[in-house]
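Here is the structure we will look at.
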Amino acid sequence: LAAAAGQFGGGALVAWSPWDLGWRGVFLLKLPVCLAAFAAAWFVVPETSTSRRARLDGGGIVLLSAMLACLILPLVEGRQLHWPPWTIAGLACVPVLLAAFLVWEARFARRGGMPLLDPALLRIPSFRRGAAVATLFYFTTPFYLLFGLYEQEGRGTDPLFTGLAFLP
């Protein structure tokens with residue numbers, strides 16, 4: 001519901017266009033929401049700091065970044081460059097880097113660190129199912145961009161109509 005309501009709300013805000021800002025008015029909506037969230041958090045969220053400072057998971061950051069680069073860069077550039085050998089090599093490295101990341105995270109957690117992904121969470125079936133559902137849901141994200149572009153640029157509809165088209 002939030003995805004459809006966001007598209008509709010954005011379209012309505014662009015159609016309203018306060019202060020003749022056009023699509024830029026969407027960013028103004030975040031300001032009062034963020035200020036209200038910060039004010040509420042100050043009073044509602046309890047203090048959770050500890051005397052022990054968490055160590056930064058530098059190895060996990062490097063491995064995860066390398067894995068994402070080896071996945072995303074070849075997928076974005078590969079077809080246009082006619083799949084040169086480095087794209088295939090990069091994609092072949094992804095499973096190896098994923099395994100290295102998971103091993104690193106387990107070792108880092110055993111040494112008392114705070115890993116990016118706690119391996120203990122992966123042993124909880126409901127967490128695995130929730131992560132799978134969230135991943136599948138976020139695969140739909142490009143639809144919202146492409147459908148909005150298709151409606152406005154391809155069919156010439158206005159932002160409000162496009163926002164309404166998302167509601168069903």
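Every chain in the structure tokens takes a letter, A first, then B, and so on in the order presented; its residues are numbered from 1, and the ligands are numbered from 1 following the presented order.
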Determine, counting only C-alpha atoms, which protein, DNA and RNA residues have an atom within 12 Å of an atom of Leu149 of chain A; residues of the same chain fewer than 6 positions away are not included. Present the result as a ChimeraX atom specification.
/A:142-143,155-159,162-163
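Residues in contact with segment 89-101 of chain A at up to 9 Å, not including ones fewer than 5 positions away on its chain and judged by only C-alpha atoms, are A:Gly59, A:Gly60, A:Ile61, A:Val62, A:Leu63, A:Leu64, A:Ala66, A:Met67, A:Leu68, A:Ala69, A:Cys70, A:Leu71, A:Ile72, A:Leu73, A:Pro74, A:Leu75, A:Ala106.
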With all heavy atoms retained, could you export that selection as an mmCIF file, in the first residue's frame?
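That gives us part_30.cif:
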```
data_model
loop_
_atom_site.group_PDB
_atom_site.id
_atom_site.type_symbol
_atom_site.label_atom_id
_atom_site.label_comp_id
_atom_site.auth_asym_id
_atom_site.auth_seq_id
_atom_site.Cartn_x
_atom_site.Cartn_y
_atom_site.Cartn_z
ATOM 1 N N GLY A 59 36.212 -5.637 7.008
ATOM 2 C CA GLY A 59 36.323 -6.764 6.078
ATOM 3 C C GLY A 59 34.994 -7.077 5.409
ATOM 4 O O GLY A 59 34.940 -7.351 4.207
ATOM 5 N N GLY A 60 33.922 -7.044 6.183
ATOM 6 C CA GLY A 60 32.593 -7.291 5.621
ATOM 7 C C GLY A 60 32.203 -6.222 4.616
ATOM 8 O O GLY A 60 31.621 -6.516 3.572
ATOM 9 N N ILE A 61 32.554 -4.970 4.923
ATOM 10 C CA ILE A 61 32.253 -3.868 4.002
ATOM 11 C C ILE A 61 32.985 -4.062 2.683
ATOM 12 O O ILE A 61 32.400 -3.919 1.602
ATOM 13 C CB ILE A 61 32.624 -2.516 4.646
ATOM 14 C CG1 ILE A 61 31.694 -2.216 5.826
ATOM 15 C CG2 ILE A 61 32.569 -1.387 3.625
ATOM 16 C CD1 ILE A 61 32.145 -1.053 6.682
ATOM 17 N N VAL A 62 34.264 -4.418 2.753
ATOM 18 C CA VAL A 62 35.067 -4.608 1.536
ATOM 19 C C VAL A 62 34.533 -5.783 0.726
ATOM 20 O O VAL A 62 34.354 -5.681 -0.501
ATOM 21 C CB VAL A 62 36.558 -4.801 1.896
ATOM 22 C CG1 VAL A 62 37.359 -5.276 0.696
ATOM 23 C CG2 VAL A 62 37.136 -3.518 2.457
ATOM 24 N N LEU A 63 34.264 -6.920 1.387
ATOM 25 C CA LEU A 63 33.783 -8.099 0.657
ATOM 26 C C LEU A 63 32.407 -7.870 0.042
ATOM 27 O O LEU A 63 32.160 -8.237 -1.114
ATOM 28 C CB LEU A 63 33.749 -9.313 1.587
ATOM 29 C CG LEU A 63 35.110 -9.897 1.942
ATOM 30 C CD1 LEU A 63 34.988 -10.903 3.080
ATOM 31 C CD2 LEU A 63 35.736 -10.555 0.718
ATOM 32 N N LEU A 64 31.505 -7.244 0.782
ATOM 33 C CA LEU A 64 30.166 -6.987 0.257
ATOM 34 C C LEU A 64 30.221 -5.987 -0.898
ATOM 35 O O LEU A 64 29.545 -6.167 -1.923
ATOM 36 C CB LEU A 64 29.247 -6.484 1.366
ATOM 37 C CG LEU A 64 27.788 -6.275 0.991
ATOM 38 C CD1 LEU A 64 27.154 -7.582 0.546
ATOM 39 C CD2 LEU A 64 27.019 -5.703 2.165
ATOM 40 N N ALA A 66 32.782 -5.438 -2.916
ATOM 41 C CA ALA A 66 33.390 -6.121 -4.065
ATOM 42 C C ALA A 66 32.381 -7.045 -4.742
ATOM 43 O O ALA A 66 32.299 -7.095 -5.978
ATOM 44 C CB ALA A 66 34.628 -6.904 -3.620
ATOM 45 N N MET A 67 31.605 -7.762 -3.929
ATOM 46 C CA MET A 67 30.605 -8.662 -4.504
ATOM 47 C C MET A 67 29.557 -7.886 -5.296
ATOM 48 O O MET A 67 29.194 -8.264 -6.418
ATOM 49 C CB MET A 67 29.925 -9.473 -3.407
ATOM 50 C CG MET A 67 28.905 -10.470 -3.944
ATOM 51 S SD MET A 67 27.922 -11.247 -2.677
ATOM 52 C CE MET A 67 26.884 -9.909 -2.156
ATOM 53 N N LEU A 68 29.066 -6.789 -4.733
ATOM 54 C CA LEU A 68 28.064 -5.995 -5.442
ATOM 55 C C LEU A 68 28.639 -5.369 -6.714
ATOM 56 O O LEU A 68 27.958 -5.311 -7.735
ATOM 57 C CB LEU A 68 27.496 -4.919 -4.514
ATOM 58 C CG LEU A 68 26.607 -5.438 -3.394
ATOM 59 C CD1 LEU A 68 26.244 -4.320 -2.436
ATOM 60 C CD2 LEU A 68 25.366 -6.103 -3.946
ATOM 61 N N ALA A 69 29.891 -4.931 -6.673
ATOM 62 C CA ALA A 69 30.526 -4.375 -7.876
ATOM 63 C C ALA A 69 30.671 -5.446 -8.943
ATOM 64 O O ALA A 69 30.426 -5.192 -10.132
ATOM 65 C CB ALA A 69 31.889 -3.781 -7.527
ATOM 66 N N CYS A 70 31.063 -6.654 -8.536
ATOM 67 C CA CYS A 70 31.220 -7.753 -9.501
ATOM 68 C C CYS A 70 29.883 -8.215 -10.069
ATOM 69 O O CYS A 70 29.837 -8.812 -11.140
ATOM 70 C CB CYS A 70 31.937 -8.934 -8.846
ATOM 71 S SG CYS A 70 33.695 -8.662 -8.600
ATOM 72 N N LEU A 71 28.804 -7.943 -9.380
ATOM 73 C CA LEU A 71 27.473 -8.301 -9.882
ATOM 74 C C LEU A 71 26.874 -7.180 -10.727
ATOM 75 O O LEU A 71 26.432 -7.406 -11.858
ATOM 76 C CB LEU A 71 26.543 -8.628 -8.712
ATOM 77 C CG LEU A 71 25.093 -8.911 -9.063
ATOM 78 C CD1 LEU A 71 24.993 -10.209 -9.864
ATOM 79 C CD2 LEU A 71 24.247 -8.997 -7.804
ATOM 80 N N ILE A 72 26.874 -5.979 -10.195
ATOM 81 C CA ILE A 72 26.145 -4.884 -10.828
ATOM 82 C C ILE A 72 26.864 -4.325 -12.050
ATOM 83 O O ILE A 72 26.245 -4.105 -13.094
ATOM 84 C CB ILE A 72 25.852 -3.781 -9.796
ATOM 85 C CG1 ILE A 72 24.886 -4.331 -8.754
ATOM 86 C CG2 ILE A 72 25.281 -2.546 -10.455
ATOM 87 C CD1 ILE A 72 24.694 -3.449 -7.544
ATOM 88 N N LEU A 73 28.165 -4.100 -11.951
ATOM 89 C CA LEU A 73 28.885 -3.499 -13.076
ATOM 90 C C LEU A 73 28.794 -4.339 -14.350
ATOM 91 O O LEU A 73 28.479 -3.802 -15.416
ATOM 92 C CB LEU A 73 30.340 -3.225 -12.681
ATOM 93 C CG LEU A 73 31.140 -2.403 -13.671
ATOM 94 C CD1 LEU A 73 30.507 -1.036 -13.897
ATOM 95 C CD2 LEU A 73 32.573 -2.243 -13.186
ATOM 96 N N PRO A 74 29.037 -5.652 -14.296
ATOM 97 C CA PRO A 74 28.868 -6.434 -15.528
ATOM 98 C C PRO A 74 27.437 -6.442 -16.058
ATOM 99 O O PRO A 74 27.219 -6.421 -17.275
ATOM 100 C CB PRO A 74 29.303 -7.846 -15.127
ATOM 101 C CG PRO A 74 30.190 -7.657 -13.966
ATOM 102 C CD PRO A 74 29.646 -6.457 -13.240
ATOM 103 N N LEU A 75 26.451 -6.473 -15.166
ATOM 104 C CA LEU A 75 25.064 -6.479 -15.631
ATOM 105 C C LEU A 75 24.675 -5.160 -16.285
ATOM 106 O O LEU A 75 23.877 -5.131 -17.220
ATOM 107 C CB LEU A 75 24.114 -6.793 -14.469
ATOM 108 C CG LEU A 75 24.190 -8.215 -13.915
ATOM 109 C CD1 LEU A 75 23.244 -8.373 -12.731
ATOM 110 C CD2 LEU A 75 23.899 -9.252 -14.985
ATOM 111 N N ALA A 106 30.756 -14.725 10.001
ATOM 112 C CA ALA A 106 30.674 -15.700 11.094
ATOM 113 C C ALA A 106 31.894 -15.567 12.010
ATOM 114 O O ALA A 106 31.755 -15.564 13.243
ATOM 115 C CB ALA A 106 30.571 -17.115 10.529
#
```
Need to verify the contact set: Phe147 of chain A, 10 Å, only C-alpha atoms, exclusion of same-chain residues closer than 5 positions in sequence. Can you return it as a VMD selection string?
chain A and resid 142 152 to 154 162 165 to 166
How many Å separate atom CA of Gly113 of chain A from atom CA of Thr48 of chain A?
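It comes out at 17.2 Å.
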Chain A: which residues are helix (DSSP H, G or I) by DSSP, as a PyMOL selection string?
chain A and resi 2-16+18-20+22-44+58-77+85-110+119-123+125-138+141-154+159-166
Expressed in Å to a single decimal, how great is the separation between atom CA of Pro46 of chain A and atom CA of Leu116 of chain A?
22.7 Å
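The interatomic distance for the pair atom CA of Arg79 of chain A and atom CA of Tyr150 of chain A works out to 22.9 Å.
Using only C-alpha atoms for every distance, the candidate list A:Gly78, A:Val45, A:Phe139, A:Glu105 yields A:Glu105 as the residue closest to Leu122 of chain A.
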Taking into account only C-alpha atoms, which residue in the set A:Phe27, A:Tyr144, A:Phe127, A:Phe38 is nearest to Ala4 of chain A?
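Nearest to Ala4 of chain A: A:Tyr144.
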A:Leu160, A:Ala40, A:Pro168, A:Lys30: which is nearest Ala15 of chain A, counting only C-alpha atoms?
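Closest residue, counting only C-alpha atoms: A:Leu160.
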From the list A:Pro125, A:Pro85, A:Pro115, A:Gly10, which residue is nearest Leu56 of chain A when using only C-alpha atoms?
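For Leu56 of chain A, the nearest of the candidates is A:Pro115.
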Would you mind telling me which residue in A:Ala54, A:His82, A:Arg123, A:Thr140 lies nearest to Arg111 of chain A when using only C-alpha atoms?
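So, comparing all the options, the nearest one is A:Ala54.
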